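Data block for entry.txt (compact mmCIF, C-alpha atoms and all ligand atoms):
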# COMPACT_ATOMS: atom_id res chain seq x y z
CA MET A 202 291.29 -61.18 71.08
CA GLN A 203 288.23 -59.12 70.32
CA LYS A 204 287.61 -55.75 71.92
CA LYS A 205 284.70 -56.92 74.06
CA HIS A 206 287.21 -59.15 75.77
CA LEU A 207 288.72 -56.27 77.63
CA ILE A 208 285.84 -56.20 80.10
CA PHE A 209 287.84 -57.72 82.97
CA ASP A 210 290.20 -54.72 83.04
CA ASN A 211 287.57 -52.41 84.49
CA THR A 212 288.71 -52.03 88.10
CA GLU A 213 286.11 -49.40 88.94
CA ILE A 214 283.39 -52.01 88.42
CA ALA A 215 285.49 -54.79 89.93
CA PHE A 216 286.08 -53.01 93.24
CA ALA A 217 282.98 -50.79 93.45
CA LEU A 218 281.99 -52.45 96.74
CA LYS A 219 285.36 -51.90 98.38
CA SER A 220 285.95 -48.79 100.47
CA ASP A 221 289.40 -47.21 100.27
CA SER A 222 290.42 -48.90 103.50
CA GLU A 223 289.15 -52.31 102.30
CA LEU A 224 291.13 -51.82 99.12
CA GLU A 225 294.25 -51.11 101.20
CA ARG A 226 293.60 -54.18 103.33
CA ALA A 227 293.21 -56.40 100.27
CA TYR A 228 296.44 -55.00 98.83
CA PHE A 229 298.32 -55.58 102.08
CA LEU A 230 296.92 -59.11 102.37
CA PHE A 231 297.82 -60.20 98.84
CA LYS A 232 301.26 -58.61 99.25
CA MET A 233 301.81 -60.68 102.41
CA ILE A 234 300.60 -63.96 100.98
CA SER A 235 302.67 -63.46 97.85
CA ILE A 236 305.72 -64.13 100.05
CA GLU A 237 305.87 -67.91 100.21
CA PRO A 238 308.07 -68.33 103.30
CA LEU A 239 305.78 -65.95 105.17
CA VAL A 240 302.75 -68.12 104.31
CA ARG A 241 304.60 -71.23 105.46
CA ILE A 242 305.74 -69.70 108.76
CA GLY A 243 302.42 -67.89 109.24
CA THR A 244 300.46 -71.11 108.73
CA ALA A 245 302.56 -73.01 111.25
CA ALA A 246 302.45 -70.17 113.78
CA THR A 247 298.67 -69.77 113.39
CA ASN A 248 298.01 -73.48 113.82
CA PHE A 249 300.21 -73.51 116.91
CA ALA A 250 298.58 -70.40 118.38
CA LEU A 251 295.07 -71.78 117.84
CA LYS A 252 295.97 -75.11 119.41
CA ALA A 253 297.58 -73.32 122.35
CA HIS A 254 294.41 -71.20 122.72
CA LEU A 255 296.36 -67.98 122.25
CA PRO A 256 294.06 -65.01 121.61
CA ILE A 257 294.69 -64.58 117.88
CA GLU A 258 291.17 -65.08 116.52
CA GLY A 259 290.59 -61.33 116.43
CA LEU A 260 293.70 -60.84 114.33
CA ILE A 261 292.73 -63.63 111.90
CA ARG A 262 289.22 -62.27 111.70
CA SER A 263 290.24 -58.75 110.79
CA THR A 264 292.71 -59.92 108.12
CA VAL A 265 292.41 -63.17 106.10
CA PHE A 266 289.06 -64.23 107.51
CA ASP A 267 287.16 -61.06 106.64
CA HIS A 268 288.71 -61.00 103.20
CA PHE A 269 287.91 -64.60 102.24
CA CYS A 270 284.84 -65.38 104.40
CA GLY A 271 281.39 -63.87 104.79
CA GLY A 272 281.08 -64.43 108.55
CA VAL A 273 280.89 -67.01 111.30
CA ASN A 274 277.29 -68.01 110.55
CA GLU A 275 274.79 -67.58 107.71
CA GLU A 276 273.07 -64.49 109.17
CA ASP A 277 276.46 -62.88 109.58
CA CYS A 278 276.96 -63.20 105.79
CA LEU A 279 273.78 -61.31 104.89
CA PRO A 280 275.31 -57.82 104.53
CA VAL A 281 277.93 -59.23 102.12
CA ILE A 282 275.29 -61.20 100.19
CA ASN A 283 273.00 -58.19 99.86
CA LYS A 284 275.78 -55.82 98.83
CA MET A 285 276.98 -58.17 96.10
CA TYR A 286 273.48 -58.80 94.86
CA GLU A 287 272.96 -55.06 94.35
CA LYS A 288 275.71 -55.38 91.74
CA GLY A 289 274.11 -58.47 90.20
CA VAL A 290 276.40 -61.04 91.85
CA SER A 291 274.66 -63.94 93.62
CA SER A 292 276.06 -66.00 96.49
CA VAL A 293 276.54 -69.66 97.33
CA LEU A 294 276.74 -70.00 101.10
CA ASP A 295 279.52 -72.47 101.78
CA PHE A 296 279.77 -73.97 105.27
CA SER A 297 283.53 -74.37 105.18
CA VAL A 298 284.12 -76.49 108.22
CA GLU A 299 286.31 -79.42 107.18
CA ALA A 300 287.98 -82.58 108.42
CA LYS A 301 285.25 -83.68 110.82
CA GLU A 302 284.86 -87.33 111.79
CA SER A 303 281.86 -87.93 114.04
CA GLU A 304 278.24 -88.76 113.24
CA ASN A 305 277.09 -85.71 115.23
CA GLU A 306 279.29 -83.46 113.14
CA PHE A 307 277.99 -85.01 109.90
CA ASP A 308 274.41 -84.51 111.09
CA TYR A 309 275.27 -80.95 112.00
CA ALA A 310 276.68 -80.28 108.50
CA ARG A 311 273.49 -81.75 106.99
CA ASP A 312 271.35 -79.54 109.22
CA VAL A 313 273.31 -76.43 108.29
CA THR A 314 272.83 -77.30 104.61
CA LEU A 315 269.09 -77.80 105.14
CA LYS A 316 268.90 -74.47 106.96
CA ILE A 317 270.69 -72.79 104.07
CA ILE A 318 268.21 -74.32 101.62
CA ASP A 319 265.44 -72.69 103.68
CA PHE A 320 267.42 -69.49 103.66
CA CYS A 321 267.84 -69.73 99.83
CA LYS A 322 264.10 -70.05 99.43
CA GLU A 323 263.61 -66.69 101.12
CA ILE A 324 266.51 -64.87 99.50
CA LYS A 325 266.76 -64.60 95.72
CA ALA A 326 270.44 -63.74 95.98
CA ILE A 327 271.29 -67.37 96.86
CA PRO A 328 270.33 -69.62 93.93
CA PHE A 329 272.43 -72.66 94.96
CA ALA A 330 273.19 -74.65 98.07
CA VAL A 331 276.46 -76.55 98.31
CA PHE A 332 278.08 -79.29 100.38
CA LYS A 333 281.22 -81.35 100.54
CA PRO A 334 280.70 -85.14 100.52
CA SER A 335 283.32 -85.61 103.25
CA GLY A 336 281.28 -83.25 105.40
CA PHE A 337 278.46 -85.82 105.37
CA GLY A 338 280.42 -88.97 106.12
CA ARG A 339 283.71 -90.54 107.07
CA PHE A 340 286.47 -90.09 104.49
CA HIS A 341 287.59 -93.66 105.13
CA SER A 342 284.16 -95.04 104.21
CA TYR A 343 284.11 -93.13 100.92
CA GLU A 344 287.53 -94.56 100.21
CA LYS A 345 286.47 -98.12 100.94
CA VAL A 346 283.32 -97.79 98.83
CA SER A 347 285.39 -96.28 96.01
CA ASN A 348 287.72 -99.26 96.13
CA GLY A 349 284.85 -101.75 96.11
CA LYS A 350 285.91 -103.02 99.54
CA ASN A 351 283.40 -104.57 101.93
CA LEU A 352 282.29 -102.34 104.77
CA THR A 353 282.07 -103.67 108.30
CA GLU A 354 278.59 -103.87 109.77
CA LYS A 355 279.12 -100.60 111.65
CA GLU A 356 280.52 -98.90 108.55
CA GLN A 357 277.59 -100.16 106.50
CA MET A 358 275.17 -98.59 108.96
CA GLU A 359 277.11 -95.36 108.84
CA TRP A 360 277.17 -95.43 105.04
CA GLU A 361 273.41 -95.77 104.92
CA LYS A 362 273.26 -92.59 106.97
CA VAL A 363 275.51 -90.86 104.42
CA VAL A 364 273.16 -91.87 101.62
CA GLU A 365 270.23 -90.66 103.69
CA ARG A 366 271.92 -87.27 104.26
CA PHE A 367 272.38 -86.88 100.49
CA HIS A 368 268.72 -87.77 99.94
CA VAL A 369 267.33 -85.41 102.56
CA VAL A 370 269.31 -82.47 101.19
CA CYS A 371 268.57 -83.14 97.50
CA LYS A 372 264.88 -83.72 98.22
CA LYS A 373 264.57 -80.47 100.12
CA ALA A 374 266.46 -78.61 97.38
CA LYS A 375 264.00 -79.92 94.83
CA GLU A 376 260.98 -79.02 97.00
CA ASN A 377 262.33 -75.49 97.45
CA ASN A 378 263.27 -75.11 93.78
CA ILE A 379 266.96 -74.60 94.59
CA ALA A 380 269.89 -76.30 92.90
CA VAL A 381 272.49 -78.08 95.00
CA LEU A 382 276.19 -78.19 94.06
CA ILE A 383 278.12 -81.18 95.37
CA ASP A 384 281.84 -80.46 95.63
CA ALA A 385 284.52 -82.84 94.38
CA GLU A 386 287.46 -83.86 96.54
CA GLU A 387 290.36 -86.34 96.38
CA SER A 388 290.19 -88.81 93.47
CA TRP A 389 290.43 -91.81 95.80
CA ILE A 390 287.03 -91.01 97.31
CA GLN A 391 285.46 -89.62 94.15
CA ASP A 392 284.07 -92.88 92.68
CA ALA A 393 281.85 -93.29 95.74
CA THR A 394 280.71 -89.67 95.48
CA ASP A 395 280.07 -89.94 91.74
CA ALA A 396 277.96 -93.06 92.18
CA LEU A 397 275.95 -91.40 94.95
CA VAL A 398 275.43 -88.19 92.98
CA THR A 399 274.30 -90.12 89.91
CA GLN A 400 271.83 -91.97 92.13
CA MET A 401 270.51 -88.57 93.32
CA MET A 402 270.32 -87.18 89.78
CA LYS A 403 268.20 -90.12 88.66
CA ILE A 404 265.66 -89.30 91.35
CA TYR A 405 265.73 -85.53 91.66
CA ASN A 406 266.73 -84.34 88.16
CA THR A 407 263.75 -85.73 86.28
CA GLU A 408 262.32 -82.33 85.36
CA LYS A 409 265.46 -80.19 85.38
CA PRO A 410 268.92 -80.25 86.97
CA VAL A 411 268.57 -79.85 90.73
CA VAL A 412 271.63 -81.88 91.71
CA PHE A 413 274.97 -80.78 90.24
CA ASN A 414 278.09 -82.94 90.41
CA THR A 415 281.58 -81.44 90.12
CA LEU A 416 284.03 -82.36 87.38
CA GLN A 417 287.69 -81.70 88.17
CA MET A 418 289.15 -81.22 84.74
CA TYR A 419 292.76 -81.65 85.93
CA ARG A 420 291.83 -85.33 85.83
CA HIS A 421 292.59 -86.73 82.39
CA ASP A 422 289.60 -89.08 82.50
CA ARG A 423 286.87 -86.50 83.06
CA VAL A 424 285.82 -85.73 79.47
CA ALA A 425 285.23 -89.45 78.88
CA PHE A 426 283.39 -89.61 82.22
CA LEU A 427 281.18 -86.68 81.20
CA LYS A 428 280.29 -88.30 77.86
CA ASN A 429 279.47 -91.57 79.55
CA GLU A 430 277.30 -89.90 82.20
CA HIS A 431 275.52 -88.09 79.38
CA LYS A 432 274.77 -91.36 77.63
CA LYS A 433 273.44 -92.88 80.88
CA ALA A 434 271.26 -89.83 81.58
CA LYS A 435 269.80 -89.92 78.06
CA GLU A 436 268.93 -93.59 78.50
CA GLY A 437 267.61 -93.03 82.02
CA GLY A 438 265.61 -89.92 81.13
CA TYR A 439 267.08 -87.50 83.67
CA PHE A 440 269.01 -84.20 83.48
CA LEU A 441 272.59 -83.46 84.43
CA GLY A 442 274.07 -80.46 86.21
CA TYR A 443 277.82 -79.90 86.34
CA LYS A 444 280.11 -77.60 88.18
CA LEU A 445 283.24 -77.54 86.09
CA VAL A 446 286.49 -76.76 87.93
CA ARG A 447 290.15 -77.47 87.29
CA GLY A 448 290.71 -79.11 90.69
CA ALA A 449 292.25 -78.11 94.00
CA TYR A 450 294.22 -81.15 95.18
CA MET A 451 296.89 -81.47 92.50
CA GLU A 452 300.00 -81.71 94.72
CA LYS A 453 298.34 -84.18 97.06
CA GLU A 454 297.17 -86.30 94.10
CA ASN A 455 300.59 -86.40 92.45
CA GLU A 456 302.43 -87.11 95.71
CA ARG A 457 300.10 -89.99 96.61
CA ALA A 458 300.34 -91.51 93.15
CA GLU A 459 304.12 -91.39 93.31
CA GLU A 460 304.31 -92.76 96.83
CA MET A 461 301.94 -95.62 96.07
CA GLY A 462 303.31 -96.28 92.57
CA TYR A 463 300.25 -95.77 90.38
CA GLU A 464 299.74 -93.44 87.42
CA SER A 465 298.64 -90.00 88.57
CA PRO A 466 295.06 -89.17 87.55
CA ILE A 467 296.19 -85.58 86.92
CA CYS A 468 296.94 -84.20 83.44
CA LYS A 469 300.60 -84.06 82.51
CA SER A 470 300.71 -80.27 82.21
CA LYS A 471 298.79 -77.11 82.96
CA ALA A 472 298.11 -76.75 79.23
CA ALA A 473 296.56 -80.22 79.15
CA THR A 474 294.31 -79.29 82.10
CA ASP A 475 293.32 -76.09 80.32
CA ASP A 476 292.48 -78.03 77.13
CA ASN A 477 290.43 -80.50 79.15
CA PHE A 478 288.55 -77.74 80.97
CA ASN A 479 287.78 -76.00 77.71
CA ALA A 480 286.71 -79.29 76.10
CA GLY A 481 284.29 -79.73 79.00
CA LEU A 482 282.88 -76.24 78.43
CA ASN A 483 282.41 -76.99 74.74
CA TYR A 484 280.73 -80.32 75.40
CA ILE A 485 278.25 -78.93 77.92
CA LEU A 486 277.44 -75.91 75.74
CA ASP A 487 276.77 -78.29 72.84
CA ASN A 488 274.31 -80.22 75.02
CA LEU A 489 272.57 -77.55 77.06
CA ASN A 490 269.20 -79.17 76.55
CA ASP A 491 270.40 -82.11 78.61
CA MET A 492 272.77 -80.50 81.11
CA TRP A 493 273.39 -77.15 82.81
CA LEU A 494 276.68 -75.57 83.70
CA PHE A 495 278.26 -73.83 86.68
CA ALA A 496 281.77 -72.85 85.56
CA GLY A 497 283.84 -72.42 88.73
CA THR A 498 286.96 -70.67 87.55
CA HIS A 499 289.23 -67.67 88.05
CA ASN A 500 290.83 -68.23 84.67
CA GLU A 501 290.24 -65.28 82.36
CA ALA A 502 290.77 -67.22 79.12
CA SER A 503 288.23 -69.88 80.07
CA SER A 504 285.74 -67.20 81.14
CA TYR A 505 286.18 -65.40 77.83
CA LEU A 506 285.84 -68.70 75.97
CA LEU A 507 282.57 -69.41 77.72
CA MET A 508 281.30 -65.93 76.83
CA ASP A 509 282.28 -66.57 73.20
CA LEU A 510 280.62 -69.98 73.10
CA MET A 511 277.43 -68.48 74.48
CA ALA A 512 277.50 -65.74 71.85
CA GLU A 513 278.21 -68.24 69.04
CA LYS A 514 275.18 -70.26 70.09
CA GLY A 515 273.03 -67.14 70.21
CA LEU A 516 272.36 -67.48 73.93
CA GLU A 517 271.37 -64.50 76.02
CA ASN A 518 274.07 -63.47 78.52
CA ASN A 519 271.73 -64.43 81.34
CA ASP A 520 270.65 -67.79 79.92
CA PHE A 521 269.39 -69.63 83.00
CA ARG A 522 271.39 -72.76 82.12
CA VAL A 523 274.82 -71.17 82.38
CA TRP A 524 276.50 -69.78 85.51
CA PHE A 525 279.96 -68.40 86.20
CA GLY A 526 281.36 -68.89 89.72
CA GLN A 527 284.27 -67.49 91.69
CA LEU A 528 285.31 -67.56 95.34
CA TYR A 529 284.61 -64.64 97.66
CA GLY A 530 287.75 -62.52 98.05
CA MET A 531 289.20 -63.57 94.71
CA SER A 532 288.87 -62.44 91.09
CA ASP A 533 286.32 -59.71 91.68
CA HIS A 534 287.39 -58.29 88.32
CA ILE A 535 285.85 -61.36 86.66
CA SER A 536 282.73 -61.63 88.85
CA PHE A 537 281.62 -58.02 88.88
CA ASN A 538 282.46 -57.26 85.26
CA LEU A 539 280.55 -60.36 84.11
CA ALA A 540 277.56 -59.39 86.25
CA ASN A 541 277.73 -55.88 84.85
CA LYS A 542 277.25 -57.40 81.39
CA GLY A 543 274.25 -59.37 82.58
CA TYR A 544 275.84 -62.85 82.94
CA ASN A 545 274.74 -65.13 85.78
CA VAL A 546 277.48 -65.02 88.41
CA ALA A 547 277.64 -66.50 91.89
CA LYS A 548 280.44 -66.30 94.40
CA TYR A 549 281.06 -69.02 97.00
CA VAL A 550 280.81 -67.22 100.34
CA PRO A 551 282.51 -69.41 102.95
CA PHE A 552 281.45 -69.15 106.55
CA GLY A 553 282.02 -70.90 109.86
CA PRO A 554 283.79 -70.39 113.18
CA VAL A 555 287.25 -68.86 112.63
CA LYS A 556 289.09 -71.88 114.01
CA ASP A 557 287.14 -74.34 111.86
CA VAL A 558 287.61 -72.55 108.54
CA MET A 559 291.41 -72.45 108.96
CA PRO A 560 292.04 -75.36 106.52
CA TYR A 561 290.02 -73.45 103.90
CA LEU A 562 291.91 -70.21 104.61
CA ILE A 563 295.26 -71.95 104.48
CA ARG A 564 294.38 -73.44 101.05
CA ARG A 565 293.49 -69.94 99.81
CA ALA A 566 296.75 -68.49 101.15
CA GLU A 567 298.77 -71.32 99.62
CA GLU A 568 297.15 -71.12 96.21
CA ASN A 569 297.76 -67.37 96.19
CA THR A 570 301.49 -67.46 96.83
CA SER A 571 303.65 -66.01 94.11
CA VAL A 572 304.71 -69.47 92.96
CA ALA A 573 301.36 -71.15 92.56
CA GLY A 574 298.81 -68.48 92.07
CA GLN A 575 297.41 -65.33 90.70
CA THR A 576 298.42 -62.89 93.43
CA GLY A 577 300.40 -60.92 90.87
CA ARG A 578 297.22 -60.33 88.91
CA GLU A 579 295.25 -59.31 92.04
CA LEU A 580 298.04 -56.90 93.05
CA VAL A 581 298.18 -55.29 89.60
CA LEU A 582 294.42 -54.77 89.59
CA LEU A 583 294.34 -53.42 93.16
CA THR A 584 297.21 -51.02 92.36
CA LYS A 585 295.42 -49.84 89.24
CA GLU A 586 292.27 -49.12 91.23
CA LYS A 587 294.18 -47.38 94.03
CA LYS A 588 295.78 -45.10 91.42
CA ARG A 589 292.46 -44.46 89.68
CA ARG A 590 290.85 -43.37 92.96
CA LYS A 591 293.70 -41.00 93.80
CA THR A 592 293.33 -39.26 90.45
CA LEU A 593 289.60 -38.66 90.85
C1 LIG A 601 283.19 -71.50 92.54
C2 LIG A 601 284.31 -72.51 92.67
C3 LIG A 601 284.05 -73.78 93.16
C4 LIG A 601 285.08 -74.72 93.29
N1 LIG A 601 284.81 -75.99 93.70
C5 LIG A 601 285.78 -76.93 93.72
C6 LIG A 601 285.52 -78.30 94.02
O1 LIG A 601 284.38 -78.70 94.30
N2 LIG A 601 286.56 -79.18 94.00
C7 LIG A 601 287.85 -78.79 93.68
O2 LIG A 601 288.73 -79.65 93.63
N3 LIG A 601 288.12 -77.51 93.40
C8 LIG A 601 287.14 -76.57 93.42
N4 LIG A 601 287.44 -75.26 93.10
C9 LIG A 601 288.86 -74.85 92.95
C10 LIG A 601 289.35 -75.07 91.54
O3 LIG A 601 289.42 -76.47 91.31
C11 LIG A 601 290.74 -74.49 91.26
O4 LIG A 601 291.66 -74.93 92.20
C12 LIG A 601 290.85 -73.01 91.24
O5 LIG A 601 289.66 -72.41 90.81
C13 LIG A 601 291.99 -72.59 90.29
O6 LIG A 601 291.69 -72.94 88.93
P1 LIG A 601 291.17 -71.89 87.83
O7 LIG A 601 290.25 -72.54 86.89
O8 LIG A 601 290.64 -70.72 88.55
O9 LIG A 601 292.38 -71.44 86.94
P2 LIG A 601 293.95 -71.48 86.85
O10 LIG A 601 294.49 -70.63 87.96
O11 LIG A 601 294.26 -71.12 85.47
O12 LIG A 601 294.37 -72.96 87.07
C14 LIG A 601 295.03 -73.46 88.19
C15 LIG A 601 294.68 -74.92 88.23
O13 LIG A 601 295.21 -75.61 87.07
C16 LIG A 601 295.62 -76.91 87.42
N5 LIG A 601 297.07 -77.03 87.20
C17 LIG A 601 298.03 -76.14 87.60
N6 LIG A 601 299.26 -76.58 87.25
C18 LIG A 601 299.08 -77.77 86.64
C19 LIG A 601 299.99 -78.74 86.08
N7 LIG A 601 301.31 -78.55 86.09
N8 LIG A 601 299.47 -79.86 85.54
C20 LIG A 601 298.13 -80.08 85.51
N9 LIG A 601 297.22 -79.19 86.02
C21 LIG A 601 297.70 -78.06 86.58
C22 LIG A 601 295.24 -77.09 88.89
O14 LIG A 601 293.96 -77.63 88.94
C23 LIG A 601 295.24 -75.67 89.42
O15 LIG A 601 294.39 -75.50 90.56
C24 LIG A 601 286.42 -74.33 92.95
C25 LIG A 601 286.68 -73.06 92.46
C26 LIG A 601 285.65 -72.15 92.31
C27 LIG A 601 285.97 -70.79 91.76

Just dump the structure as C-alpha cells.
Amino acid sequence: MQKKHLIFDNTEIAFALKSDSELERAYFLFKMISIEPLVRIGTAATNFALKAHLPIEGLIRSTVFDHFCGGVNEEDCLPVINKMYEKGVSSVLDFSVEAKESENEFDYARDVTLKIIDFCKEIKAIPFAVFKPSGFGRFHSYEKVSNGKNLTEKEQMEWEKVVERFHVVCKKAKENNIAVLIDAEESWIQDATDALVTQMMKIYNTEKPVVFNTLQMYRHDRVAFLKNEHKKAKEGGYFLGYKLVRGAYMEKENERAEEMGYESPICKSKAATDDNFNAGLNYILDNLNDMWLFAGTHNEASSYLLMDLMAEKGLENNDFRVWFGQLYGMSDHISFNLANKGYNVAKYVPFGPVKDVMPYLIRRAEENTSVAGQTGRELVLLTKEKKRRKTL
C-alpha cells in the first residue's frame, strides 16, 4: 500500500466536528451496540415500549437517533448539513420512513422528496435527492410486476400512480439540475424497479445523468446487468448514473432463497462480493463518458481502489462524475479525510419522526454489532482521537 493511502488514519480530521462530549457519546454508543445480545434485547424492548406508548422517545433521540439521524424534519437537519459542508462534505437528505402501505403515505413520501428537491436547489450542500421505491408504492405490486404477474384492475391503477410518482420526481430533479438516487431493495422487487428506472433514464438522462439507479454488488448478476444496461443506453442515446453498494439485505435474501428452494442471488462469499464491487468500480471508471458514479461504501479498500483508479486515469480528485458516499454517523474517517483531499463526498442524512425511523436505526445497530460490522474499527478510531485530545 502506498503512503498516500494512510489518509483515513487521521482522526483529528475525521472527528473535527465532534465536541468532546459528542465523542464520548459516540464511543458509548458503539460500545453498547457492539454487544449483540444487548442489541437484540434493546430492539425488542424499544419496539415494545413504542407500541405501548411509553415515553422513551427522548431517550432514543438523545442516543441512537441523534448519532445516526439529522433530525425529525428537513429544516431540523440544516445545522448538521451546514457544519459538514464547512468541511467539504455534502449531504443527501434521506426521508427514512419505511414500511408504509397506503396511497396517502406514498403521496406524502413523494411530496417530501419534491420538497427536498426544492430545498436542494437553494442549498449547494445537497447535490442529490434520494428515494426508496417501496416508499412510492406497495411492495406487493413491485413483487407482482417483477414476477410478470397480471395486476388486478385496482393494482393496475395504483401502479400507474407509482410510475407517475417516479416521473414527477425525476422531472423536477431535472428542472432543478439535481441528481436523484433511487435506492435498491430486496431482489424480488428489484426487476420492477430496474425497469422503471431505465424508463426514467431514457427520458431524463438525455443530456447527462440525472437519474441514478443502485447496483447491489452482493448480487452475482450485477456486473452482467451493468454491461447490458450500458449497451442499451449506448443504443438508446442516454446516460447512466449508478450508485454502487454491496447490499443491505443479505440475510433476508439467503433465508428466503433457502426457504423457497431457489438459488440465492447473493455471491457465495464476502470476497466474491468485494471482487464484484471492485469490478463495478473498474467498469464505470472505464466508461465515465457514458455513466457517472456514486460509490456508497464504508469499505476502506474499495475507497482506496477508487482513489487509485481516478489517479491512474488522470482525473482530478473532484471530478464531477465521481462521488464517494457514506451514512451519517458512520465512517467519518473516510468521509472527512476524503473531503480534506478534495474528493466529492456526500453523506446520507436520514431524517423523520423518531418512531418512524426505527427500522432504519435497528438496521444500523444490527449491522454494527461485533459479529457483522465495523464497530471495532469505529471504537479504535474514537479511542485514538480521545487519547489525542487528552495529550493536547
Ligand atoms: C451512501 C450509501 C447508500 C446506500 N444505499 C443502499 C441501497 O440503496 N440499497 C442497499 O441494499 N444498500 C445500501 N447501502 C448499504 C450497503 O449496501 C452496505 O450494506 C453497507 O454499506 C456495507 O457495505 P460496505 O461496502 O460499506 O463494506 P463492507 O462492510 O466491507 O461489506 C459488508 C457487505 O458485504 C456483503 N457481505 C458480507 N458478508 C458476505 C458474505 N458472506 N457473502 C457475500 N456478501 C457478503 C454484504 O453486502 C455486507 O453488507 C448504502 C450504503 C451507503 C454508504

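Using all atoms listed in the file for every distance, the candidate list A:Ile379, A:Met559, A:Met531, A:Met492 yields A:Met531 as the residue closest to ligand LIG 601 (chain A).
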
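The spacing separating CA of Ile257 (chain A) from CA of Ser303 (chain A) amounts to 26.9 Å.
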
Tell me which protein, DNA and RNA residues are within 10 Å of Glu287 (chain A), counting all atoms listed in the file, leaving out same-chain ones fewer than 4 positions away, and put them as a count of residues only.
5

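Between Ser222 (chain A) and the residues A:Ala310, A:Val346, A:Leu583, A:Val290, the shortest atom-to-atom distance, using all atoms listed in the file, involves A:Leu583.
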
Residues within 9 Å of ligand LIG 601 (chain A), counting all atoms listed in the file, as a ChimeraX atom specification:
/A:293,332-333,382-387,414-420,444-452,467-475,478,495-503,525-529,531-532,547-549,568,573-575

Region 394-397 of chain A surroundings by only C-alpha atoms, 9 Å radius, close-in-sequence under 2 positions cut, as a CSV table (one decimal) with C-alpha atoms, in the coordinates of the input:
chain,number,residue,atom,x,y,z
A,334,PRO,CA,280.7,-85.1,100.5
A,343,TYR,CA,284.1,-93.1,100.9
A,347,SER,CA,285.4,-96.3,96.0
A,364,VAL,CA,273.2,-91.9,101.6
A,367,PHE,CA,272.4,-86.9,100.5
A,383,ILE,CA,278.1,-81.2,95.4
A,385,ALA,CA,284.5,-82.8,94.4
A,386,GLU,CA,287.5,-83.9,96.5
A,390,ILE,CA,287.0,-91.0,97.3
A,391,GLN,CA,285.5,-89.6,94.2
A,392,ASP,CA,284.1,-92.9,92.7
A,399,THR,CA,274.3,-90.1,89.9
A,400,GLN,CA,271.8,-92.0,92.1
A,401,MET,CA,270.5,-88.6,93.3
A,402,MET,CA,270.3,-87.2,89.8
A,414,ASN,CA,278.1,-82.9,90.4
A,415,THR,CA,281.6,-81.4,90.1

One decimal, in Å: what's the spacing between CA of Gly515 (chain A) and CA of Thr212 (chain A)?
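A separation of 28.2 Å between them.
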
As lines of an AutoDock Vina configuration file, what would the box around region 426-442 of chain A look like: edges along x, y and z, 5 Å added on every side, centre and edge lengths in Å to one decimal?
center_x = 274.5
center_y = -87.0
center_z = 81.9
size_x = 27.8
size_y = 23.1
size_z = 18.6

How far is it from CA of Trp524 (chain A) to CA of Tyr544 (chain A), in Å with one decimal?
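About the pair CA of Trp524 (chain A) and CA of Tyr544 (chain A): they are 7.4 Å apart.
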
For Pro410 (chain A), the nearest of the candidates A:Leu352, A:Val581, A:Met358, A:Leu494, counting all atoms listed in the file
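Closest candidate: A:Leu494.
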